[in-house]
file start-v6.csv (CSV, C-alpha atoms)
chain,number,residue,atom,x,y,z
R,1,MET,CA,95.4,50.1,59.2
R,2,PRO,CA,94.5,53.7,58.1
R,3,ASP,CA,91.0,54.9,59.0
R,4,PHE,CA,89.1,56.2,55.9
R,5,THR,CA,86.1,57.4,57.9
R,6,SER,CA,87.5,60.9,57.9
R,7,ILE,CA,88.6,60.9,54.2
R,8,ASN,CA,86.8,64.1,53.4
R,9,SER,CA,88.2,66.1,56.4
R,10,GLN,CA,91.7,64.9,57.3
R,11,PRO,CA,94.1,63.1,54.9
R,12,PRO,CA,94.5,59.5,56.2
R,13,LYS,CA,97.9,58.1,56.8
R,14,LEU,CA,97.9,56.2,53.5
R,15,LEU,CA,97.4,59.4,51.5
R,16,GLU,CA,100.1,61.2,53.5
R,17,ARG,CA,102.5,58.4,52.6
R,18,LEU,CA,101.4,58.6,49.0
R,19,THR,CA,102.1,62.4,49.0
R,20,GLY,CA,105.4,62.0,50.8
R,21,THR,CA,106.7,59.4,48.4
R,22,LEU,CA,105.6,61.3,45.3
R,23,ARG,CA,107.4,64.4,46.6
R,24,THR,CA,110.5,62.4,47.4
R,25,MET,CA,110.5,61.1,43.8
R,26,HIS,CA,110.2,64.7,42.6
R,27,TYR,CA,106.7,64.4,41.0
R,28,SER,CA,105.0,67.7,40.2
R,29,LYS,CA,102.5,69.2,42.5
R,30,ARG,CA,99.8,68.7,39.9
R,31,THR,CA,100.6,65.0,39.6
R,32,ILE,CA,100.6,64.6,43.4
R,33,ASP,CA,97.1,66.2,43.6
R,34,VAL,CA,95.8,64.1,40.8
R,35,TYR,CA,97.2,60.8,42.2
R,36,GLY,CA,95.7,61.6,45.6
R,37,HIS,CA,92.4,62.3,44.0
R,38,TRP,CA,92.2,59.0,42.2
R,39,VAL,CA,93.3,57.0,45.2
R,40,ARG,CA,90.5,58.6,47.2
R,41,ARG,CA,88.0,57.9,44.5
R,42,TYR,CA,89.2,54.3,44.3
R,43,VAL,CA,88.8,53.7,48.1
R,44,LEU,CA,85.4,55.5,48.3
R,45,PHE,CA,84.1,53.6,45.3
R,46,HIS,CA,84.7,50.3,47.3
R,47,HIS,CA,83.0,51.8,50.4
R,48,LYS,CA,86.3,52.7,52.1
R,49,LYS,CA,87.7,49.2,51.9
R,50,HIS,CA,91.5,49.3,52.4
R,51,PRO,CA,93.5,48.8,49.2
R,52,ASN,CA,95.5,46.1,51.0
R,53,ASP,CA,92.4,44.0,51.0
R,54,MET,CA,91.7,44.6,47.3
R,55,GLY,CA,93.3,43.6,44.1
R,56,GLU,CA,92.9,43.1,40.4
R,57,MET,CA,89.1,42.5,40.5
R,58,GLU,CA,88.4,45.8,42.4
R,59,ILE,CA,90.7,47.8,40.2
R,60,ASN,CA,89.0,46.3,37.1
R,61,LEU,CA,85.5,47.2,38.5
R,62,PHE,CA,86.6,50.8,39.3
R,63,LEU,CA,88.2,51.5,35.9
R,64,SER,CA,85.3,49.9,34.0
R,65,HIS,CA,82.9,52.0,36.1
R,66,LEU,CA,84.7,55.2,35.0
R,67,ALA,CA,84.4,54.2,31.3
R,68,THR,CA,80.8,52.9,31.3
R,69,LYS,CA,79.0,55.0,33.9
R,70,GLU,CA,81.0,58.2,34.2
R,71,LYS,CA,82.0,58.3,30.5
R,72,VAL,CA,85.4,59.6,31.2
R,73,ALA,CA,88.0,60.2,28.5
R,74,ALA,CA,90.5,57.4,27.8
R,75,SER,CA,93.3,59.7,29.1
R,76,THR,CA,91.5,60.2,32.4
R,77,GLN,CA,90.9,56.5,32.8
R,78,ASN,CA,94.6,55.8,32.2
R,79,GLN,CA,95.5,58.5,34.7
R,80,ALA,CA,93.4,56.7,37.3
R,81,LEU,CA,95.1,53.4,36.5
R,82,CYS,CA,98.6,55.0,36.9
R,83,ALA,CA,97.7,56.4,40.3
R,84,ILE,CA,96.4,53.1,41.5
R,85,VAL,CA,99.4,51.1,40.2
R,86,PHE,CA,101.7,53.6,41.9
R,87,LEU,CA,99.9,53.1,45.2
R,88,TYR,CA,100.3,49.4,45.1
R,89,LYS,CA,103.9,49.4,43.8
R,90,HIS,CA,105.5,52.1,45.9
R,91,ILE,CA,103.3,52.5,49.0
R,92,LEU,CA,101.8,49.1,49.7
R,93,LYS,CA,104.8,47.2,48.2
R,94,LYS,CA,102.2,44.8,46.8
R,95,GLU,CA,102.4,43.2,43.4
R,96,ILE,CA,99.2,43.3,41.5
R,97,GLY,CA,98.6,40.6,38.9
R,98,GLU,CA,97.6,41.2,35.3
R,99,ILE,CA,94.6,43.5,35.1
R,100,GLN,CA,92.3,42.0,32.5
R,101,ASN,CA,88.9,42.5,31.1
R,102,ILE,CA,88.8,46.2,31.8
R,103,ILE,CA,86.3,48.1,29.7
R,104,TRP,CA,88.5,50.8,28.2
R,105,ALA,CA,87.2,54.2,27.3
R,106,LYS,CA,87.5,54.8,23.5
R,107,LYS,CA,90.3,57.2,22.6
R,108,PRO,CA,89.1,59.4,19.8
R,109,LYS,CA,91.5,60.0,16.9
R,110,ARG,CA,91.9,63.7,16.7
R,111,LEU,CA,94.3,65.9,14.8
R,112,PRO,CA,95.6,68.9,16.6
R,113,ILE,CA,94.0,72.3,16.0
R,114,VAL,CA,96.5,74.4,14.0
R,115,LEU,CA,96.3,78.1,13.3
R,116,THR,CA,97.6,79.9,10.3
R,117,VAL,CA,100.4,82.5,10.6
R,118,ASP,CA,97.8,85.2,10.1
R,119,GLU,CA,95.5,83.8,12.7
R,120,VAL,CA,98.4,83.7,15.2
R,121,LYS,CA,99.2,87.3,14.5
R,122,LEU,CA,95.6,88.3,14.9
R,123,ILE,CA,95.3,86.6,18.3
R,124,LEU,CA,98.6,88.1,19.6
R,125,GLN,CA,97.4,91.5,18.6
R,126,GLN,CA,94.6,91.2,21.2
R,127,LEU,CA,97.1,90.5,24.0
R,128,ARG,CA,99.2,92.9,26.1
R,129,SER,CA,102.3,93.0,28.3
R,130,ALA,CA,103.1,89.7,30.0
R,131,LYS,CA,100.2,87.8,28.6
R,132,TRP,CA,101.4,88.7,25.1
R,133,LEU,CA,104.9,87.6,25.9
R,134,MET,CA,103.8,84.3,27.3
R,135,ALA,CA,101.6,83.5,24.4
R,136,SER,CA,104.4,84.6,22.0
R,137,LEU,CA,106.7,82.1,23.7
R,138,LEU,CA,104.2,79.3,23.5
R,139,TYR,CA,104.1,79.8,19.7
R,140,GLY,CA,107.6,81.1,19.1
R,141,ALA,CA,109.4,78.4,21.2
R,142,GLY,CA,106.8,75.6,21.1
R,143,LEU,CA,106.4,75.5,24.9
R,144,ARG,CA,103.7,73.8,26.9
R,145,LEU,CA,101.8,76.2,29.1
R,146,ASN,CA,103.4,74.9,32.4
R,147,GLU,CA,106.8,75.0,30.8
R,148,CYS,CA,106.4,78.7,30.1
R,149,LEU,CA,105.0,79.5,33.5
R,150,GLN,CA,107.9,77.7,35.3
R,151,LEU,CA,110.6,79.4,33.4
R,152,ARG,CA,113.2,81.1,35.7
R,153,ILE,CA,115.5,84.1,34.9
R,154,LYS,CA,118.5,81.7,34.5
R,155,ASP,CA,116.7,79.7,31.8
R,156,VAL,CA,116.8,82.6,29.3
R,157,ASP,CA,120.1,82.5,27.3
R,158,PHE,CA,120.2,85.7,25.2
R,159,GLY,CA,123.7,84.9,23.9
R,160,TYR,CA,122.7,81.6,22.2
R,161,LYS,CA,119.1,82.7,21.7
R,162,GLN,CA,117.7,79.7,23.4
R,163,LEU,CA,115.5,78.7,26.4
R,164,GLN,CA,116.3,75.8,28.8
R,165,ILE,CA,113.4,73.8,29.9
R,166,HIS,CA,113.6,71.8,33.1
R,167,ASP,CA,111.4,69.0,34.5
R,168,ALA,CA,109.3,68.9,31.4
R,169,LYS,CA,106.8,66.1,30.6
R,170,GLY,CA,108.5,62.8,31.4
R,171,LYS,CA,111.0,64.7,33.7
R,172,SER,CA,113.2,65.5,30.8
R,173,ALA,CA,115.2,68.7,30.0
R,174,ARG,CA,115.9,70.3,26.7
R,175,PHE,CA,116.8,73.5,24.9
R,176,THR,CA,114.5,75.3,22.5
R,177,VAL,CA,114.7,78.4,20.3
R,178,LEU,CA,114.3,81.9,21.7
R,179,PRO,CA,112.7,84.0,18.9
R,180,GLY,CA,114.9,86.9,17.9
R,181,ASN,CA,112.0,89.4,17.8
R,182,LEU,CA,111.2,88.6,21.5
R,183,ILE,CA,114.7,89.5,22.8
R,184,LEU,CA,114.0,93.2,23.3
R,185,PRO,CA,110.5,92.7,24.8
R,186,LEU,CA,112.0,90.0,27.1
R,187,HIS,CA,114.8,92.4,28.3
R,188,GLU,CA,112.2,95.0,29.1
R,189,HIS,CA,110.0,92.5,30.9
R,190,ILE,CA,112.9,91.2,32.9
R,191,GLU,CA,113.8,94.7,34.0
R,192,LYS,CA,110.3,95.1,35.4
R,193,VAL,CA,110.6,91.7,37.2
R,194,LYS,CA,113.9,92.7,38.7
R,195,ASN,CA,112.3,95.9,40.1
R,196,LEU,CA,109.5,93.8,41.6
R,197,HIS,CA,112.0,91.4,43.1
R,198,ASP,CA,114.0,94.2,44.7
R,199,SER,CA,110.8,95.6,46.1
R,200,ASP,CA,109.9,92.2,47.6
R,201,LEU,CA,113.4,92.0,49.2
R,202,SER,CA,113.0,95.4,50.7
R,203,ALA,CA,109.7,94.4,52.2
R,204,GLY,CA,111.2,91.2,53.8
R,205,PHE,CA,110.1,88.8,51.1
R,206,GLY,CA,111.8,87.8,47.8
R,207,SER,CA,112.2,84.1,48.3
R,208,VAL,CA,111.2,81.5,45.7
R,209,ALA,CA,110.4,77.8,45.8
R,210,LEU,CA,113.4,75.8,44.6
R,211,PRO,CA,113.3,72.4,42.8
R,212,ASN,CA,114.2,69.2,44.6
R,213,ALA,CA,116.7,69.6,47.5
R,214,LEU,CA,118.4,72.7,46.3
R,215,GLN,CA,117.1,74.8,49.2
R,216,ARG,CA,118.9,72.6,51.7
R,217,LYS,CA,122.0,72.5,49.6
R,218,TYR,CA,122.2,76.3,48.9
R,219,LYS,CA,120.9,78.1,51.8
R,220,ASN,CA,120.4,81.6,50.2
R,221,ALA,CA,119.7,80.5,46.7
R,222,GLU,CA,115.9,81.1,47.2
R,223,TYR,CA,116.6,84.8,47.3
R,224,GLU,CA,119.0,84.9,44.3
R,225,TRP,CA,117.9,86.8,41.3
R,226,ARG,CA,118.7,84.0,38.8
R,227,TRP,CA,116.3,81.6,40.5
R,228,GLN,CA,113.3,84.0,40.3
R,229,TRP,CA,110.3,83.2,38.1
R,230,LEU,CA,110.3,84.8,34.7
R,231,PHE,CA,106.5,85.4,35.0
R,232,PRO,CA,105.8,86.0,38.7
R,233,ALA,CA,102.3,86.3,40.1
R,234,PRO,CA,101.0,89.7,40.7
R,235,ASN,CA,100.6,89.1,44.5
R,236,ILE,CA,102.5,87.5,47.3
R,237,SER,CA,100.7,84.4,48.7
R,238,THR,CA,101.3,81.7,51.3
R,239,ASP,CA,102.9,78.6,50.0
R,240,PRO,CA,100.5,75.7,51.0
R,241,GLU,CA,103.3,73.2,51.4
R,242,THR,CA,105.7,75.3,53.6
R,243,GLY,CA,103.6,78.1,55.0
R,244,ILE,CA,106.1,80.7,53.7
R,245,LYS,CA,104.8,83.9,52.2
R,246,ARG,CA,106.4,84.3,48.8
R,247,ARG,CA,105.6,85.2,45.2
R,248,HIS,CA,104.7,82.2,43.0
R,249,HIS,CA,104.7,82.1,39.3
R,250,GLN,CA,101.6,83.1,37.3
R,251,GLY,CA,98.7,80.7,37.4
R,252,ASP,CA,97.7,78.8,34.3
R,253,TRP,CA,94.2,80.2,34.4
R,254,ALA,CA,95.5,83.7,33.8
R,255,LEU,CA,96.8,83.1,30.3
R,256,GLN,CA,94.0,80.7,29.5
R,257,ARG,CA,91.4,83.3,30.3
R,258,ALA,CA,93.3,86.0,28.4
R,259,LEU,CA,93.7,83.8,25.4
R,260,LYS,CA,90.1,82.8,25.3
R,261,LYS,CA,89.1,86.5,25.3
R,262,ALA,CA,91.7,87.3,22.6
R,263,VAL,CA,90.4,84.5,20.3
R,264,ARG,CA,86.8,85.8,20.8
R,265,GLU,CA,87.8,89.4,20.0
R,266,SER,CA,89.8,88.2,16.9
R,267,GLY,CA,86.7,86.6,15.5
R,268,ILE,CA,88.4,83.2,15.0
R,269,THR,CA,86.0,80.3,15.3
R,270,LYS,CA,88.5,77.5,15.8
R,271,ARG,CA,88.7,75.9,19.2
R,272,VAL,CA,92.0,77.6,20.3
R,273,THR,CA,93.7,76.6,23.5
R,274,CYS,CA,97.2,77.4,24.7
R,275,HIS,CA,98.4,74.1,23.3
R,276,ALA,CA,97.1,75.1,19.8
R,277,LEU,CA,100.0,77.6,19.8
R,278,ARG,CA,102.5,74.8,20.4
R,279,HIS,CA,100.8,72.7,17.6
R,280,SER,CA,101.1,75.7,15.3
R,281,PHE,CA,104.8,76.1,16.1
R,282,ALA,CA,105.5,72.5,15.0
R,283,THR,CA,103.4,72.6,11.9
R,284,HIS,CA,104.8,75.9,10.7
R,285,LEU,CA,108.4,74.6,11.2
R,286,LEU,CA,107.5,71.6,9.0
R,287,GLU,CA,106.0,73.9,6.4
R,288,ASP,CA,109.3,75.9,6.4
R,289,GLY,CA,111.2,72.8,5.6
R,290,TYR,CA,112.8,71.9,9.0
R,291,ASP,CA,113.3,68.1,9.5
R,292,ILE,CA,111.2,66.1,11.8
R,293,ARG,CA,114.0,65.1,14.2
R,294,THR,CA,114.9,68.8,14.9
R,295,ILE,CA,111.3,69.6,15.6
R,296,GLN,CA,111.1,66.5,17.9
R,297,GLU,CA,114.0,67.8,20.0
R,298,LEU,CA,112.6,71.3,20.2
R,299,LEU,CA,109.2,69.9,21.4
R,300,GLY,CA,110.7,67.5,23.8
R,301,HIS,CA,108.9,64.4,22.4
R,302,LYS,CA,110.4,61.1,23.5
R,303,SER,CA,109.4,59.4,20.2
R,304,VAL,CA,109.5,60.8,16.7
R,305,GLU,CA,106.1,59.1,16.2
R,306,THR,CA,104.5,61.7,18.4
R,307,THR,CA,105.9,64.4,16.3
R,308,MET,CA,104.8,62.7,13.1
R,309,ILE,CA,101.2,63.7,13.8
R,310,TYR,CA,102.1,67.2,12.4
R,311,THR,CA,102.9,65.6,9.0
R,312,HIS,CA,99.3,64.4,9.0
R,313,VAL,CA,98.0,67.8,9.8
R,314,MET,CA,99.8,69.2,6.8
R,315,GLN,CA,98.1,66.6,4.6
R,316,ARG,CA,94.6,66.9,5.9
R,317,GLY,CA,91.7,68.6,4.1
R,318,GLY,CA,93.0,68.1,0.6
R,319,ARG,CA,95.6,70.9,0.6
R,320,GLY,CA,96.8,71.5,-2.9
R,321,ILE,CA,93.9,69.5,-4.3
R,322,ARG,CA,91.7,71.3,-6.9
R,323,SER,CA,88.1,70.6,-6.1
R,324,PRO,CA,85.8,69.6,-9.0
R,325,MET,CA,83.6,72.4,-7.8
R,326,ASP,CA,86.2,74.9,-9.1
R,327,ARG,CA,85.6,73.6,-12.6
R,328,LEU,CA,82.1,75.0,-12.7
call {"tool": "encode", "arguments": {"input": "start-v6.csv", "output": "structure tokens"}}
result
Amino acid sequence: MPDFTSINSQPPKLLERLTGTLRTMHYSKRTIDVYGHWVRRYVLFHHKKHPNDMGEMEINLFLSHLATKEKVAASTQNQALCAIVFLYKHILKKEIGEIQNIIWAKKPKRLPIVLTVDEVKLILQQLRSAKWLMASLLYGAGLRLNECLQLRIKDVDFGYKQLQIHDAKGKSARFTVLPGNLILPLHEHIEKVKNLHDSDLSAGFGSVALPNALQRKYKNAEYEWRWQWLFPAPNISTDPETGIKRRHHQGDWALQRALKKAVRESGITKRVTCHALRHSFATHLLEDGYDIRTIQELLGHKSVETTMIYTHVMQRGGRGIRSPMDRL
């Protein structure tokens, strides 16, 4: 039985098994970290009692505590449940019964924040170089932030004017549009990245982390140009999983920070995040007359119902309605 007394200093065997299984099943690093966090929290909440000795009642108590005492969001509570269910199903090989009487956090009904075309232009005018290019792809191709950061050189298809997205949300893959007015800036950016990669190779570096088992299958692929990140980090760092010194892709905080500053400088008062650019992409396509199924495919939504929210965005606020105030 794993010892949880050192849970804050050394990962217990149970968490190592959890991490190993998640990696084998090709979950993202972020999901691995999040699942490990919630399993730790679950065990510590029950005073380091082993999960094998707990079940539906303890899960119920923990999830209800998150909603009532910690006031977490509904999505956070659901994330914790997914982590715990994964633990029991894939690590402990233990079936948990029906989890009932959980006090669920209320999920607020929110419509996405959407920018006008002029607002997008104003924000992009405040950004420079790679940050401008990344933000332009979020809006111009409808990318999620992580999808943009994890683009590789091979994913850019100039001939067909499209981007290929791998391991997106739900482990899906798709193609989306490459804006024509980004082709020249992208060529110029890629030339700079190529020079950086050549410099790294000359210095004895130049390898890149490969997805799944490709590194074992293709021994030298990690040095190949086509596998390099489209938006590499400014510095070489040590990969925490392998101990190899290599250049990772840009961190999400870099663009988030730059976008926040750009919004502030533009004078826009809306709560603009990187995801608002993706929302704006979908809404503006609908306004231009593109059908909902096409937009669903470009966004990578599994269900068209998810994409339908943008039709509600277009109808909100009484657009096209003449206020009685205008009669005065």
call {"tool": "residues_around", "arguments": {"input": "start-v6.csv", "residues": "His65 in chain R", "least_positions_apart": "4", "cutoff": "10 Å", "atoms": "only C-alpha atoms", "output": "number ranges by chain"}}
result
R: 45, 59-61, 69-72, 77, 102-104
call {"tool": "atom_distance", "arguments": {"input": "start-v6.csv", "atom1": "CA of Phe175 in chain R", "atom2": "CA of Leu163 in chain R"}}
result
5.6 Å
call {"tool": "atom_distance", "arguments": {"input": "start-v6.csv", "atom1": "CA of Ile309 in chain R", "atom2": "CA of Val114 in chain R"}}
result
11.7 Å
call {"tool": "closest_atom_pairs", "arguments": {"input": "start-v6.csv", "of": "range 136-175 of chain R", "to": "range 189-198 of chain R", "cutoff": "12 Å", "atoms": "all atoms listed in the file", "output": "CSV"}}
result
residue,atom,partner,partner_atom,distance
R:Arg152,CA,R:Ile190,CA,10.5
R:Ile153,CA,R:Ile190,CA,7.8
R:Lys154,CA,R:Ile190,CA,11.1
R:Val156,CA,R:Ile190,CA,10.1
R:Phe158,CA,R:Ile190,CA,12.0
call {"tool": "closest_residue", "arguments": {"input": "start-v6.csv", "among": "R:Thr31, R:Thr68, R:Gln256, R:Thr176", "to": "Leu299 in chain R", "atoms": "only C-alpha atoms"}}
result
R:Thr176
call {"tool": "residues_near_point", "arguments": {"input": "start-v6.csv", "point": "(99.9, 51.8, 45.5)", "cutoff": "12 Å", "atoms": "all atoms listed in the file", "output": "ChimeraX atom specification"}}
result
/R:14-15,17-19,21-22,35-36,38-40,42-43,50-52,54-55,59,80-96
call {"tool": "atom_distance", "arguments": {"input": "start-v6.csv", "atom1": "CA of Ala141 in chain R", "atom2": "CA of Gln162 in chain R"}}
result
8.7 Å
call {"tool": "closest_residue", "arguments": {"input": "start-v6.csv", "among": "R:Glu265, R:Thr273, R:Asn181, R:Leu149", "to": "Ala233 in chain R", "atoms": "only C-alpha atoms"}}
result
R:Leu149
call {"tool": "closest_atom_pairs", "arguments": {"input": "start-v6.csv", "of": "range 16-40 of chain R", "to": "range 207-212 of chain R", "cutoff": "9 Å", "atoms": "all atoms listed in the file", "output": "JSON lines"}}
result
{"residue": "R:Arg23", "atom": "CA", "partner": "R:Asn212", "partner_atom": "CA", "distance": 8.6}
{"residue": "R:Thr24", "atom": "CA", "partner": "R:Asn212", "partner_atom": "CA", "distance": 8.2}
{"residue": "R:Met25", "atom": "CA", "partner": "R:Asn212", "partner_atom": "CA", "distance": 8.9}
{"residue": "R:His26", "atom": "CA", "partner": "R:Asn212", "partner_atom": "CA", "distance": 6.3}
call {"tool": "closest_residue", "arguments": {"input": "start-v6.csv", "among": "R:Ser64, R:Ser199, R:Thr294, R:Gln126", "to": "Ala262 in chain R", "atoms": "all atoms listed in the file"}}
result
R:Gln126
call {"tool": "closest_residue", "arguments": {"input": "start-v6.csv", "among": "R:Arg30, R:Lys106, R:Arg216, R:Arg144", "to": "Ala276 in chain R", "atoms": "only C-alpha atoms"}}
result
R:Arg144
call {"tool": "closest_residue", "arguments": {"input": "start-v6.csv", "among": "R:Glu58, R:Asn78, R:His312, R:Leu178", "to": "Ala105 in chain R", "atoms": "all atoms listed in the file"}}
result
R:Asn78
